[in-house]
$ cat data36.cif   # mmCIF, C-alpha atoms and all ligand atoms
data_input
loop_
_atom_site.label_atom_id
_atom_site.label_comp_id
_atom_site.auth_asym_id
_atom_site.auth_seq_id
_atom_site.Cartn_x
_atom_site.Cartn_y
_atom_site.Cartn_z
CA MET A 1 0.00 0.00 0.00
CA TRP A 2 1.49 3.27 -1.04
CA GLN A 3 1.84 5.85 1.72
CA PRO A 4 2.07 9.59 1.32
CA PHE A 5 5.57 10.85 1.85
CA TRP A 6 4.75 12.57 5.12
CA LEU A 7 3.56 9.31 6.66
CA LEU A 8 6.99 7.80 6.26
CA ALA A 9 8.32 9.75 9.22
CA THR A 10 9.57 6.63 10.98
CA SER A 11 12.00 6.00 8.16
CA CYS A 12 12.94 9.60 7.60
CA TRP A 13 15.44 11.67 9.43
CA PRO A 14 14.91 15.39 9.20
CA LEU A 15 18.02 17.10 10.41
CA ALA A 16 16.89 18.51 13.70
CA ASN A 17 18.05 21.94 14.73
CA LYS A 18 20.61 21.63 17.46
CA SER A 19 21.76 24.28 19.83
CA ALA A 20 25.15 25.70 19.08
CA LYS A 21 26.34 24.12 22.32
CA SER A 22 25.35 20.57 21.39
CA GLN A 23 26.25 20.70 17.73
CA LYS A 24 29.55 19.06 16.96
CA PRO A 25 31.84 20.94 14.63
CA THR A 26 31.77 19.59 11.09
CA ALA A 27 33.97 20.12 8.08
CA ASN A 28 31.60 22.81 6.86
CA SER A 29 30.87 24.40 10.20
CA GLN A 30 33.56 27.03 10.10
CA LYS A 31 32.38 28.64 6.90
CA ASP A 32 29.76 28.42 4.19
CA PHE A 33 27.51 26.31 6.35
CA SER A 34 23.91 26.98 7.28
CA PRO A 35 22.60 24.94 10.22
CA PRO A 36 20.13 22.30 9.06
CA ARG A 37 16.49 23.22 9.57
CA ARG A 38 13.79 21.08 11.10
CA ILE A 39 11.29 19.61 8.67
CA ASN A 40 7.62 19.46 9.50
CA TYR A 41 6.06 16.06 8.80
CA GLN A 42 2.58 16.73 10.12
CA LYS A 43 0.04 14.43 8.61
CA GLY A 44 -2.04 16.04 5.89
CA LEU A 45 0.14 19.12 5.64
CA ILE A 46 1.77 19.70 2.29
CA THR A 47 5.34 20.53 3.12
CA VAL A 48 7.33 21.98 0.25
CA LEU A 49 10.91 21.06 0.95
CA LYS A 50 12.37 23.23 -1.76
CA ILE A 51 15.91 22.42 -2.73
CA ASP A 52 18.23 23.04 -5.66
CA VAL A 53 19.80 19.61 -5.95
CA MET A 54 18.51 16.13 -5.08
CA ALA A 55 20.87 13.16 -4.86
CA VAL A 56 19.36 9.69 -4.72
CA GLY A 57 21.17 6.55 -3.57
CA ALA A 58 20.13 2.93 -3.25
CA HIS A 59 21.86 2.60 0.12
CA PRO A 60 22.78 5.09 2.85
CA ASP A 61 26.44 5.48 1.77
CA ASP A 62 25.97 5.69 -2.02
CA VAL A 63 25.75 9.42 -2.50
CA GLU A 64 28.81 10.02 -0.30
CA VAL A 65 30.89 7.61 -2.40
CA GLY A 66 29.69 8.69 -5.83
CA THR A 67 29.01 12.39 -5.49
CA GLY A 68 29.95 13.49 -1.96
CA GLY A 69 32.50 15.98 -3.27
CA LEU A 70 30.02 17.62 -5.64
CA LEU A 71 27.33 17.81 -2.95
CA ALA A 72 29.76 19.48 -0.54
CA THR A 73 30.80 21.86 -3.32
CA PHE A 74 27.18 22.81 -4.03
CA VAL A 75 26.56 23.43 -0.32
CA LYS A 76 29.69 25.55 -0.11
CA GLN A 77 28.35 27.58 -3.03
CA GLY A 78 25.11 28.22 -1.14
CA LEU A 79 22.80 25.72 -2.84
CA LYS A 80 20.27 23.66 -0.91
CA VAL A 81 20.91 19.95 -1.28
CA GLY A 82 18.62 17.07 -0.29
CA VAL A 83 19.38 13.35 -0.27
CA VAL A 84 16.97 10.44 -0.70
CA ASP A 85 18.17 6.99 0.33
CA LEU A 86 15.83 4.50 -1.30
CA THR A 87 16.55 1.78 1.29
CA ALA A 88 17.89 1.68 4.83
CA GLY A 89 20.63 -0.72 3.72
CA GLU A 90 19.42 -3.44 6.07
CA MET A 91 20.79 -6.25 3.87
CA ALA A 92 24.41 -5.15 4.29
CA SER A 93 26.68 -7.77 5.87
CA ASN A 94 27.59 -5.31 8.59
CA GLY A 95 25.54 -2.75 10.48
CA THR A 96 21.89 -2.74 11.46
CA ALA A 97 19.33 -0.43 9.90
CA GLU A 98 19.47 1.66 13.10
CA GLU A 99 23.27 1.97 12.98
CA ARG A 100 23.18 2.92 9.33
CA HIS A 101 20.41 5.43 9.98
CA GLU A 102 22.61 7.21 12.54
CA GLU A 103 25.65 7.05 10.26
CA ALA A 104 23.66 8.58 7.40
CA ARG A 105 22.41 11.34 9.69
CA ARG A 106 25.96 12.17 10.76
CA ALA A 107 27.17 12.15 7.15
CA ALA A 108 24.31 14.51 6.26
CA GLU A 109 25.53 16.95 8.89
CA VAL A 110 29.10 16.72 7.60
CA LEU A 111 27.92 17.46 4.05
CA GLY A 112 25.67 20.29 5.22
CA LEU A 113 22.53 18.85 3.63
CA THR A 114 19.21 20.63 3.95
CA TRP A 115 17.48 17.31 4.53
CA ARG A 116 17.96 13.61 4.12
CA ASN A 117 15.19 11.04 3.88
CA CYS A 118 14.88 7.30 3.51
CA LEU A 119 11.98 6.01 1.44
CA GLY A 120 12.08 2.66 3.23
CA ILE A 121 12.01 0.47 0.10
CA PRO A 122 13.24 -3.02 1.10
CA ASP A 123 16.97 -3.48 0.55
CA ARG A 124 17.43 -5.73 -2.54
CA GLY A 125 13.82 -4.97 -3.42
CA ILE A 126 14.29 -1.80 -5.47
CA ALA A 127 12.29 -1.91 -8.69
CA ALA A 128 10.60 0.57 -11.00
CA GLU A 129 7.22 -0.44 -9.59
CA LYS A 130 4.30 1.97 -9.51
CA LYS A 131 4.18 2.30 -5.71
CA TYR A 132 7.88 3.24 -5.51
CA LEU A 133 7.62 5.53 -8.54
CA LEU A 134 4.76 7.41 -6.90
CA GLN A 135 6.73 7.79 -3.66
CA LEU A 136 9.67 9.29 -5.52
CA VAL A 137 7.45 11.44 -7.76
CA GLU A 138 5.92 12.87 -4.58
CA VAL A 139 9.33 13.79 -3.19
CA ILE A 140 10.44 15.34 -6.48
CA ARG A 141 7.26 17.40 -6.79
CA GLN A 142 7.56 18.58 -3.19
CA SER A 143 11.19 19.58 -3.36
CA ARG A 144 11.36 20.71 -7.03
CA PRO A 145 15.12 20.31 -7.57
CA ARG A 146 16.78 21.71 -10.67
CA LEU A 147 19.16 18.76 -10.77
CA ILE A 148 18.75 15.10 -9.80
CA LEU A 149 21.78 12.86 -9.25
CA CYS A 150 21.46 9.07 -9.27
CA PRO A 151 23.68 5.99 -9.72
CA TYR A 152 25.06 5.13 -13.13
CA GLY A 153 23.03 2.28 -14.62
CA GLU A 154 25.90 -0.20 -15.10
CA ASP A 155 27.15 -1.58 -11.81
CA ARG A 156 27.97 -4.86 -10.05
CA HIS A 157 25.23 -4.28 -7.48
CA PRO A 158 21.72 -4.88 -8.87
CA ASP A 159 20.29 -2.33 -6.42
CA HIS A 160 22.39 0.41 -8.02
CA VAL A 161 21.19 -0.63 -11.47
CA ASN A 162 17.56 -0.73 -10.35
CA ALA A 163 17.90 2.56 -8.46
CA SER A 164 19.17 4.22 -11.62
CA ARG A 165 16.14 2.97 -13.56
CA LEU A 166 13.69 3.93 -10.82
CA VAL A 167 15.05 7.48 -10.56
CA GLN A 168 15.08 7.97 -14.33
CA GLU A 169 11.43 6.91 -14.54
CA ALA A 170 10.41 9.02 -11.54
CA HIS A 171 12.22 12.03 -13.02
CA PHE A 172 10.16 11.58 -16.18
CA ASP A 173 6.84 10.77 -14.49
CA ALA A 174 7.12 13.77 -12.15
CA GLY A 175 6.56 15.94 -15.21
CA LEU A 176 3.46 14.10 -16.44
CA ALA A 177 0.20 15.87 -15.62
CA LYS A 178 -1.86 12.68 -15.44
CA VAL A 179 0.30 10.81 -12.94
CA ASP A 180 -1.72 9.91 -9.84
CA CYS A 181 -0.24 12.54 -7.52
CA ARG A 182 -1.95 15.47 -5.84
CA LEU A 183 0.98 17.84 -6.45
CA PRO A 184 1.45 19.80 -9.68
CA PRO A 185 3.75 18.35 -12.36
CA PHE A 186 7.40 19.22 -12.16
CA ARG A 187 10.41 17.93 -14.05
CA ALA A 188 13.98 18.65 -12.96
CA GLU A 189 15.99 20.35 -15.68
CA GLN A 190 18.79 17.80 -15.55
CA ILE A 191 19.67 14.33 -14.38
CA TRP A 192 23.29 13.26 -13.92
CA TYR A 193 24.61 9.77 -13.18
CA TYR A 194 27.38 9.25 -10.64
CA PHE A 195 29.67 6.23 -10.37
CA LEU A 196 29.69 3.57 -7.65
CA ALA A 197 31.35 0.17 -8.14
CA ARG A 198 31.84 0.71 -11.88
CA ALA A 199 32.91 3.74 -13.82
CA ALA A 200 32.84 4.61 -17.50
CA GLU A 201 34.11 7.48 -19.63
CA PRO A 202 32.55 10.50 -17.92
CA THR A 203 30.71 13.18 -19.82
CA PHE A 204 32.43 15.70 -17.55
CA ILE A 205 34.53 15.82 -14.40
CA VAL A 206 33.98 18.24 -11.51
CA ASP A 207 36.97 19.55 -9.59
CA VAL A 208 36.14 18.64 -5.98
CA SER A 209 39.61 19.25 -4.54
CA ASP A 210 38.47 22.03 -2.20
CA CYS A 211 35.81 19.83 -0.61
CA TYR A 212 37.60 16.52 -0.58
CA ARG A 213 38.19 16.53 3.16
CA THR A 214 34.44 16.89 3.63
CA LYS A 215 33.83 13.93 1.31
CA ARG A 216 36.32 11.81 3.26
CA LEU A 217 34.64 12.68 6.56
CA ALA A 218 31.21 11.92 5.16
CA MET A 219 32.34 8.51 3.92
CA THR A 220 34.05 7.61 7.18
CA ALA A 221 30.81 8.43 9.01
CA HIS A 222 29.65 5.07 7.59
CA ALA A 223 31.90 3.16 9.97
CA SER A 224 29.81 -0.01 9.86
CA GLN A 225 30.59 -0.34 6.14
CA PHE A 226 34.14 0.92 5.78
CA GLY A 227 35.56 0.63 9.29
CA LYS A 228 38.12 -1.94 10.37
CA ASP A 229 36.62 -3.76 13.30
CA LEU A 230 37.39 -7.30 14.42
CA ASN A 231 33.72 -7.86 15.14
CA ARG A 232 32.72 -7.09 11.57
CA ILE A 233 32.29 -9.62 8.78
CA GLU A 234 34.99 -9.21 6.14
CA THR A 235 33.46 -7.77 2.98
CA PHE A 236 34.36 -6.26 -0.37
CA LEU A 237 34.09 -2.88 1.35
CA ASN A 238 36.20 -3.36 4.47
CA ALA A 239 38.64 -6.10 3.47
CA GLY A 240 38.90 -6.07 -0.30
CA PRO A 241 42.14 -5.52 -2.24
CA GLY A 242 43.01 -2.27 -0.54
CA ASN A 243 40.82 -0.25 1.76
CA MET A 244 37.65 0.67 -0.15
CA LEU A 245 37.97 4.29 0.91
CA SER A 246 41.43 4.43 -0.62
CA VAL A 247 40.09 2.76 -3.78
CA ILE A 248 37.43 5.46 -4.09
CA GLU A 249 40.00 8.14 -3.39
CA SER A 250 42.27 6.66 -6.06
CA ARG A 251 39.51 6.92 -8.64
CA ASP A 252 38.75 10.48 -7.62
CA ARG A 253 42.47 11.22 -7.78
CA TYR A 254 42.61 9.73 -11.29
CA PHE A 255 39.61 11.75 -12.48
CA GLY A 256 41.26 14.80 -10.95
CA SER A 257 44.45 14.10 -12.88
CA LEU A 258 42.51 14.09 -16.15
CA ILE A 259 41.51 17.72 -15.59
CA GLY A 260 44.76 18.85 -14.00
CA LYS A 261 43.33 18.99 -10.48
CA MET A 262 43.93 17.03 -7.30
CA TYR A 263 40.49 15.37 -7.02
CA GLY A 264 37.60 15.01 -9.44
CA GLU A 265 34.26 13.25 -9.63
CA GLY A 266 33.03 12.01 -12.99
CA PHE A 267 29.44 12.15 -14.21
CA ILE A 268 27.49 10.99 -17.22
CA THR A 269 24.54 12.88 -18.65
CA PRO A 270 21.85 11.39 -20.91
CA ALA A 271 21.70 14.58 -22.98
CA PRO A 272 24.32 17.08 -24.17
CA LEU A 273 25.06 19.89 -21.74
CA ALA A 274 24.51 23.48 -22.87
CA ILE A 275 27.50 25.75 -22.35
CA HIS A 276 26.20 29.26 -21.75
CA ASN A 277 29.59 30.78 -21.10
CA PRO A 278 32.30 29.17 -23.28
CA LEU A 279 34.94 31.41 -21.76
CA GLY A 280 34.17 29.87 -18.38
CA LEU A 281 35.67 26.63 -19.68
CA LEU A 282 38.92 28.52 -20.21
CA GLY A 283 38.89 29.84 -16.67
CA VAL A 284 37.83 33.31 -17.81
CA LYS A 285 35.29 34.94 -15.53
CA GLU A 286 32.45 36.98 -16.97
ZN ZN B 1 25.05 0.96 -2.60
#
$ encode --input "data36.cif" --output "structure tokens"
Amino acid sequence: MWQPFWLLATSCWPLANKSAKSQKPTANSQKDFSPPRRINYQKGLITVLKIDVMAVGAHPDDVEVGTGGLLATFVKQGLKVGVVDLTAGEMASNGTAEERHEEARRAAEVLGLTWRNCLGIPDRGIAAEKKYLLQLVEVIRQSRPRLILCPYGEDRHPDHVNASRLVQEAHFDAGLAKVDCRLPPFRAEQIWYYFLARAAEPTFIVDVSDCYRTKRLAMTAHASQFGKDLNRIETFLNAGPGNMLSVIESRDRYFGSLIGKMYGEGFITPAPLAIHNPLGLLGVKE
């Protein structure tokens, strides 16, 4: 049974306002960081959680790995960024849903997100089914982002593949007037795909060098997945050939090298990008 977005409060984690005294310093807290605001989830109240950028992941650590540097860069530039985790990641070899929930909340604070929600789709159960499409369409129409980021559609993990398909379809359906949703149609201007376990030739690479420390901190917030702990089951993530965090950093370092920068994140777009200021590509400011 499909539930309105605001009834999913048990699986959502609005970033509660904290007093300055209780709030731990984060990578963004010294500058360019607006304290997260509380989100109202009252039943029956249409809450427009307006943001500029929405990043969607299959699991609670996906957006940090694939696009954490870009999200931190957007926040630093003053944009409002929201994250939707499709599942709570309860099928992971390590970490309970509750642990991962707390890790995702901490990572959201590090990145300076405006909000972060979990749709509560069963882990390993992501599919472009109508009930999930309507949930995501509802979120898109509420928050009206200009840009949606989602996993690249070729990946070793079927959830990443299915998440990519689900987001692409929800992005399209959100703009259809006759979709069964009480909110007015809205289609984000752009959708970009970020890389997880697999990468391909990117359409473009973003220089994320200035925010790389923030990305690292956000990833390490997911200690149940990447941490070295004797009590954890050895996995591809924590005991593969090289620490997974260093593998991700190596890829970002490689992408950075392709554009002459320290760190870069690569993205693929389904449509050509318009360049409004060609001189900007040459480092010439308007
Ligand atoms: Zn994942």
$ residues_around --input "data36.cif" --residues "stretch 201-204 of chain A" --least-positions-apart "3" --cutoff "12 Å" --atoms "all atoms listed in the file" --output "PyMOL selection string"
chain A and resi 152+192-195+198+207+255-256+258-259+264-273+281
$ residues_near_ligand --input "data36.cif" --ligand "ligand ZN 1 (chain B)" --cutoff "7 Å" --atoms "all atoms listed in the file" --output "PyMOL selection string"
chain A and resi 57-59+61-62+159-160
$ write_last_selection --input "data36.cif" --atoms "C-alpha atoms" --output "PDB file, in the coordinates of the input"
ATOM      1  CA  GLY A  57      21.170   6.550  -3.570  1.00  0.00           C
ATOM      2  CA  ALA A  58      20.130   2.930  -3.250  1.00  0.00           C
ATOM      3  CA  HIS A  59      21.860   2.600   0.120  1.00  0.00           C
ATOM      4  CA  ASP A  61      26.440   5.480   1.770  1.00  0.00           C
ATOM      5  CA  ASP A  62      25.970   5.690  -2.020  1.00  0.00           C
ATOM      6  CA  ASP A 159      20.290  -2.330  -6.420  1.00  0.00           C
ATOM      7  CA  HIS A 160      22.390   0.410  -8.020  1.00  0.00           C
TER       8      HIS A 160
END
$ residues_around --input "data36.cif" --residues "A:Ala108" --least-positions-apart "6" --cutoff "9 Å" --atoms "all atoms listed in the file" --output "PyMOL selection string"
chain A and resi 15+83+114-116+218
$ residues_around --input "data36.cif" --residues "stretch 86-99 of chain A" --least-positions-apart "2" --cutoff "6 Å" --atoms "all atoms listed in the file" --output "number ranges by chain"
A: 58-59, 101-102, 118-123, 224
$ residues_around --input "data36.cif" --residues "A:Met244" --least-positions-apart "5" --cutoff "7 Å" --atoms "all atoms listed in the file" --output "PyMOL selection string"
chain A and resi 226+237-238
$ closest_residue --input "data36.cif" --among "A:Gly175, A:Gly68, A:Gly82, A:Pro278" --to "A:Val206" --atoms "all atoms listed in the file"
A:Gly68
$ closest_residue --input "data36.cif" --among "A:Phe172, A:Lys178, A:Arg156, A:Glu103" --to "A:Gly227" --atoms "only C-alpha atoms"
A:Glu103
$ atom_distance --input "data36.cif" --atom1 "atom CA of A:Arg106" --atom2 "atom CA of A:Ala199"
26.9 Å
$ closest_residue --input "data36.cif" --among "A:Tyr132, A:Tyr212, A:Phe74, A:Phe186" --to "A:Arg253" --atoms "only C-alpha atoms"
A:Tyr212
$ closest_residue --input "data36.cif" --among "A:Ala174, A:Ile126, A:Met219, A:Ser257" --to "A:Leu245" --atoms "only C-alpha atoms"
A:Met219
$ atom_distance --input "data36.cif" --atom1 "atom CA of A:Asp210" --atom2 "atom CA of A:Leu279"
22.0 Å
$ atom_distance --input "data36.cif" --atom1 "atom CA of A:Leu196" --atom2 "atom CA of A:Asp155"
7.1 Å
$ decode --input "data36.cif" --residues "stretch 93-217 of chain A" --atoms "C-alpha atoms" --output "PDB file, in the first residue's frame"
ATOM      1  CA  SER A  93      26.685  -7.772   5.869  1.00  0.00           C
ATOM      2  CA  ASN A  94      27.587  -5.308   8.593  1.00  0.00           C
ATOM      3  CA  GLY A  95      25.543  -2.747  10.476  1.00  0.00           C
ATOM      4  CA  THR A  96      21.894  -2.742  11.465  1.00  0.00           C
ATOM      5  CA  ALA A  97      19.330  -0.430   9.897  1.00  0.00           C
ATOM      6  CA  GLU A  98      19.474   1.661  13.096  1.00  0.00           C
ATOM      7  CA  GLU A  99      23.273   1.973  12.976  1.00  0.00           C
ATOM      8  CA  ARG A 100      23.179   2.924   9.329  1.00  0.00           C
ATOM      9  CA  HIS A 101      20.414   5.426   9.979  1.00  0.00           C
ATOM     10  CA  GLU A 102      22.607   7.209  12.541  1.00  0.00           C
ATOM     11  CA  GLU A 103      25.655   7.051  10.265  1.00  0.00           C
ATOM     12  CA  ALA A 104      23.656   8.577   7.403  1.00  0.00           C
ATOM     13  CA  ARG A 105      22.408  11.338   9.690  1.00  0.00           C
ATOM     14  CA  ARG A 106      25.962  12.170  10.759  1.00  0.00           C
ATOM     15  CA  ALA A 107      27.170  12.146   7.149  1.00  0.00           C
ATOM     16  CA  ALA A 108      24.312  14.512   6.259  1.00  0.00           C
ATOM     17  CA  GLU A 109      25.527  16.948   8.888  1.00  0.00           C
ATOM     18  CA  VAL A 110      29.097  16.717   7.599  1.00  0.00           C
ATOM     19  CA  LEU A 111      27.924  17.458   4.046  1.00  0.00           C
ATOM     20  CA  GLY A 112      25.670  20.286   5.219  1.00  0.00           C
ATOM     21  CA  LEU A 113      22.529  18.851   3.628  1.00  0.00           C
ATOM     22  CA  THR A 114      19.207  20.634   3.955  1.00  0.00           C
ATOM     23  CA  TRP A 115      17.476  17.312   4.531  1.00  0.00           C
ATOM     24  CA  ARG A 116      17.958  13.607   4.121  1.00  0.00           C
ATOM     25  CA  ASN A 117      15.188  11.044   3.876  1.00  0.00           C
ATOM     26  CA  CYS A 118      14.881   7.303   3.511  1.00  0.00           C
ATOM     27  CA  LEU A 119      11.979   6.010   1.438  1.00  0.00           C
ATOM     28  CA  GLY A 120      12.079   2.658   3.227  1.00  0.00           C
ATOM     29  CA  ILE A 121      12.014   0.470   0.101  1.00  0.00           C
ATOM     30  CA  PRO A 122      13.239  -3.021   1.104  1.00  0.00           C
ATOM     31  CA  ASP A 123      16.967  -3.482   0.553  1.00  0.00           C
ATOM     32  CA  ARG A 124      17.428  -5.734  -2.542  1.00  0.00           C
ATOM     33  CA  GLY A 125      13.825  -4.967  -3.423  1.00  0.00           C
ATOM     34  CA  ILE A 126      14.291  -1.798  -5.473  1.00  0.00           C
ATOM     35  CA  ALA A 127      12.293  -1.910  -8.693  1.00  0.00           C
ATOM     36  CA  ALA A 128      10.601   0.566 -10.996  1.00  0.00           C
ATOM     37  CA  GLU A 129       7.221  -0.437  -9.595  1.00  0.00           C
ATOM     38  CA  LYS A 130       4.301   1.970  -9.512  1.00  0.00           C
ATOM     39  CA  LYS A 131       4.178   2.296  -5.715  1.00  0.00           C
ATOM     40  CA  TYR A 132       7.875   3.244  -5.513  1.00  0.00           C
ATOM     41  CA  LEU A 133       7.625   5.529  -8.544  1.00  0.00           C
ATOM     42  CA  LEU A 134       4.759   7.414  -6.901  1.00  0.00           C
ATOM     43  CA  GLN A 135       6.733   7.794  -3.664  1.00  0.00           C
ATOM     44  CA  LEU A 136       9.666   9.288  -5.516  1.00  0.00           C
ATOM     45  CA  VAL A 137       7.450  11.440  -7.756  1.00  0.00           C
ATOM     46  CA  GLU A 138       5.916  12.871  -4.580  1.00  0.00           C
ATOM     47  CA  VAL A 139       9.334  13.789  -3.188  1.00  0.00           C
ATOM     48  CA  ILE A 140      10.440  15.342  -6.482  1.00  0.00           C
ATOM     49  CA  ARG A 141       7.259  17.398  -6.792  1.00  0.00           C
ATOM     50  CA  GLN A 142       7.557  18.581  -3.188  1.00  0.00           C
ATOM     51  CA  SER A 143      11.192  19.583  -3.361  1.00  0.00           C
ATOM     52  CA  ARG A 144      11.356  20.709  -7.027  1.00  0.00           C
ATOM     53  CA  PRO A 145      15.118  20.312  -7.569  1.00  0.00           C
ATOM     54  CA  ARG A 146      16.780  21.713 -10.669  1.00  0.00           C
ATOM     55  CA  LEU A 147      19.159  18.763 -10.769  1.00  0.00           C
ATOM     56  CA  ILE A 148      18.749  15.101  -9.797  1.00  0.00           C
ATOM     57  CA  LEU A 149      21.778  12.862  -9.252  1.00  0.00           C
ATOM     58  CA  CYS A 150      21.461   9.073  -9.270  1.00  0.00           C
ATOM     59  CA  PRO A 151      23.682   5.989  -9.716  1.00  0.00           C
ATOM     60  CA  TYR A 152      25.055   5.132 -13.129  1.00  0.00           C
ATOM     61  CA  GLY A 153      23.028   2.285 -14.624  1.00  0.00           C
ATOM     62  CA  GLU A 154      25.895  -0.199 -15.098  1.00  0.00           C
ATOM     63  CA  ASP A 155      27.148  -1.577 -11.808  1.00  0.00           C
ATOM     64  CA  ARG A 156      27.967  -4.862 -10.054  1.00  0.00           C
ATOM     65  CA  HIS A 157      25.230  -4.283  -7.480  1.00  0.00           C
ATOM     66  CA  PRO A 158      21.717  -4.881  -8.869  1.00  0.00           C
ATOM     67  CA  ASP A 159      20.286  -2.326  -6.416  1.00  0.00           C
ATOM     68  CA  HIS A 160      22.391   0.406  -8.017  1.00  0.00           C
ATOM     69  CA  VAL A 161      21.189  -0.626 -11.472  1.00  0.00           C
ATOM     70  CA  ASN A 162      17.556  -0.731 -10.350  1.00  0.00           C
ATOM     71  CA  ALA A 163      17.898   2.557  -8.464  1.00  0.00           C
ATOM     72  CA  SER A 164      19.165   4.225 -11.620  1.00  0.00           C
ATOM     73  CA  ARG A 165      16.143   2.966 -13.555  1.00  0.00           C
ATOM     74  CA  LEU A 166      13.691   3.931 -10.819  1.00  0.00           C
ATOM     75  CA  VAL A 167      15.048   7.482 -10.564  1.00  0.00           C
ATOM     76  CA  GLN A 168      15.078   7.967 -14.334  1.00  0.00           C
ATOM     77  CA  GLU A 169      11.432   6.907 -14.541  1.00  0.00           C
ATOM     78  CA  ALA A 170      10.407   9.016 -11.538  1.00  0.00           C
ATOM     79  CA  HIS A 171      12.218  12.026 -13.019  1.00  0.00           C
ATOM     80  CA  PHE A 172      10.155  11.578 -16.184  1.00  0.00           C
ATOM     81  CA  ASP A 173       6.843  10.769 -14.491  1.00  0.00           C
ATOM     82  CA  ALA A 174       7.120  13.767 -12.147  1.00  0.00           C
ATOM     83  CA  GLY A 175       6.560  15.938 -15.214  1.00  0.00           C
ATOM     84  CA  LEU A 176       3.460  14.103 -16.440  1.00  0.00           C
ATOM     85  CA  ALA A 177       0.197  15.865 -15.615  1.00  0.00           C
ATOM     86  CA  LYS A 178      -1.862  12.677 -15.438  1.00  0.00           C
ATOM     87  CA  VAL A 179       0.301  10.812 -12.935  1.00  0.00           C
ATOM     88  CA  ASP A 180      -1.723   9.910  -9.837  1.00  0.00           C
ATOM     89  CA  CYS A 181      -0.237  12.539  -7.521  1.00  0.00           C
ATOM     90  CA  ARG A 182      -1.953  15.472  -5.840  1.00  0.00           C
ATOM     91  CA  LEU A 183       0.976  17.841  -6.449  1.00  0.00           C
ATOM     92  CA  PRO A 184       1.453  19.799  -9.684  1.00  0.00           C
ATOM     93  CA  PRO A 185       3.749  18.352 -12.357  1.00  0.00           C
ATOM     94  CA  PHE A 186       7.404  19.220 -12.160  1.00  0.00           C
ATOM     95  CA  ARG A 187      10.410  17.925 -14.049  1.00  0.00           C
ATOM     96  CA  ALA A 188      13.977  18.652 -12.961  1.00  0.00           C
ATOM     97  CA  GLU A 189      15.993  20.353 -15.675  1.00  0.00           C
ATOM     98  CA  GLN A 190      18.791  17.804 -15.552  1.00  0.00           C
ATOM     99  CA  ILE A 191      19.665  14.327 -14.378  1.00  0.00           C
ATOM    100  CA  TRP A 192      23.286  13.257 -13.917  1.00  0.00           C
ATOM    101  CA  TYR A 193      24.615   9.766 -13.180  1.00  0.00           C
ATOM    102  CA  TYR A 194      27.383   9.252 -10.644  1.00  0.00           C
ATOM    103  CA  PHE A 195      29.673   6.229 -10.372  1.00  0.00           C
ATOM    104  CA  LEU A 196      29.692   3.574  -7.646  1.00  0.00           C
ATOM    105  CA  ALA A 197      31.346   0.171  -8.143  1.00  0.00           C
ATOM    106  CA  ARG A 198      31.840   0.709 -11.880  1.00  0.00           C
ATOM    107  CA  ALA A 199      32.906   3.743 -13.821  1.00  0.00           C
ATOM    108  CA  ALA A 200      32.836   4.613 -17.502  1.00  0.00           C
ATOM    109  CA  GLU A 201      34.111   7.478 -19.626  1.00  0.00           C
ATOM    110  CA  PRO A 202      32.551  10.496 -17.919  1.00  0.00           C
ATOM    111  CA  THR A 203      30.708  13.183 -19.822  1.00  0.00           C
ATOM    112  CA  PHE A 204      32.429  15.697 -17.553  1.00  0.00           C
ATOM    113  CA  ILE A 205      34.527  15.823 -14.395  1.00  0.00           C
ATOM    114  CA  VAL A 206      33.978  18.242 -11.514  1.00  0.00           C
ATOM    115  CA  ASP A 207      36.967  19.554  -9.591  1.00  0.00           C
ATOM    116  CA  VAL A 208      36.137  18.641  -5.977  1.00  0.00           C
ATOM    117  CA  SER A 209      39.609  19.251  -4.538  1.00  0.00           C
ATOM    118  CA  ASP A 210      38.472  22.032  -2.199  1.00  0.00           C
ATOM    119  CA  CYS A 211      35.807  19.826  -0.609  1.00  0.00           C
ATOM    120  CA  TYR A 212      37.602  16.516  -0.577  1.00  0.00           C
ATOM    121  CA  ARG A 213      38.192  16.534   3.158  1.00  0.00           C
ATOM    122  CA  THR A 214      34.441  16.885   3.628  1.00  0.00           C
ATOM    123  CA  LYS A 215      33.826  13.927   1.307  1.00  0.00           C
ATOM    124  CA  ARG A 216      36.317  11.809   3.264  1.00  0.00           C
ATOM    125  CA  LEU A 217      34.641  12.684   6.557  1.00  0.00           C
TER     126      LEU A 217
END
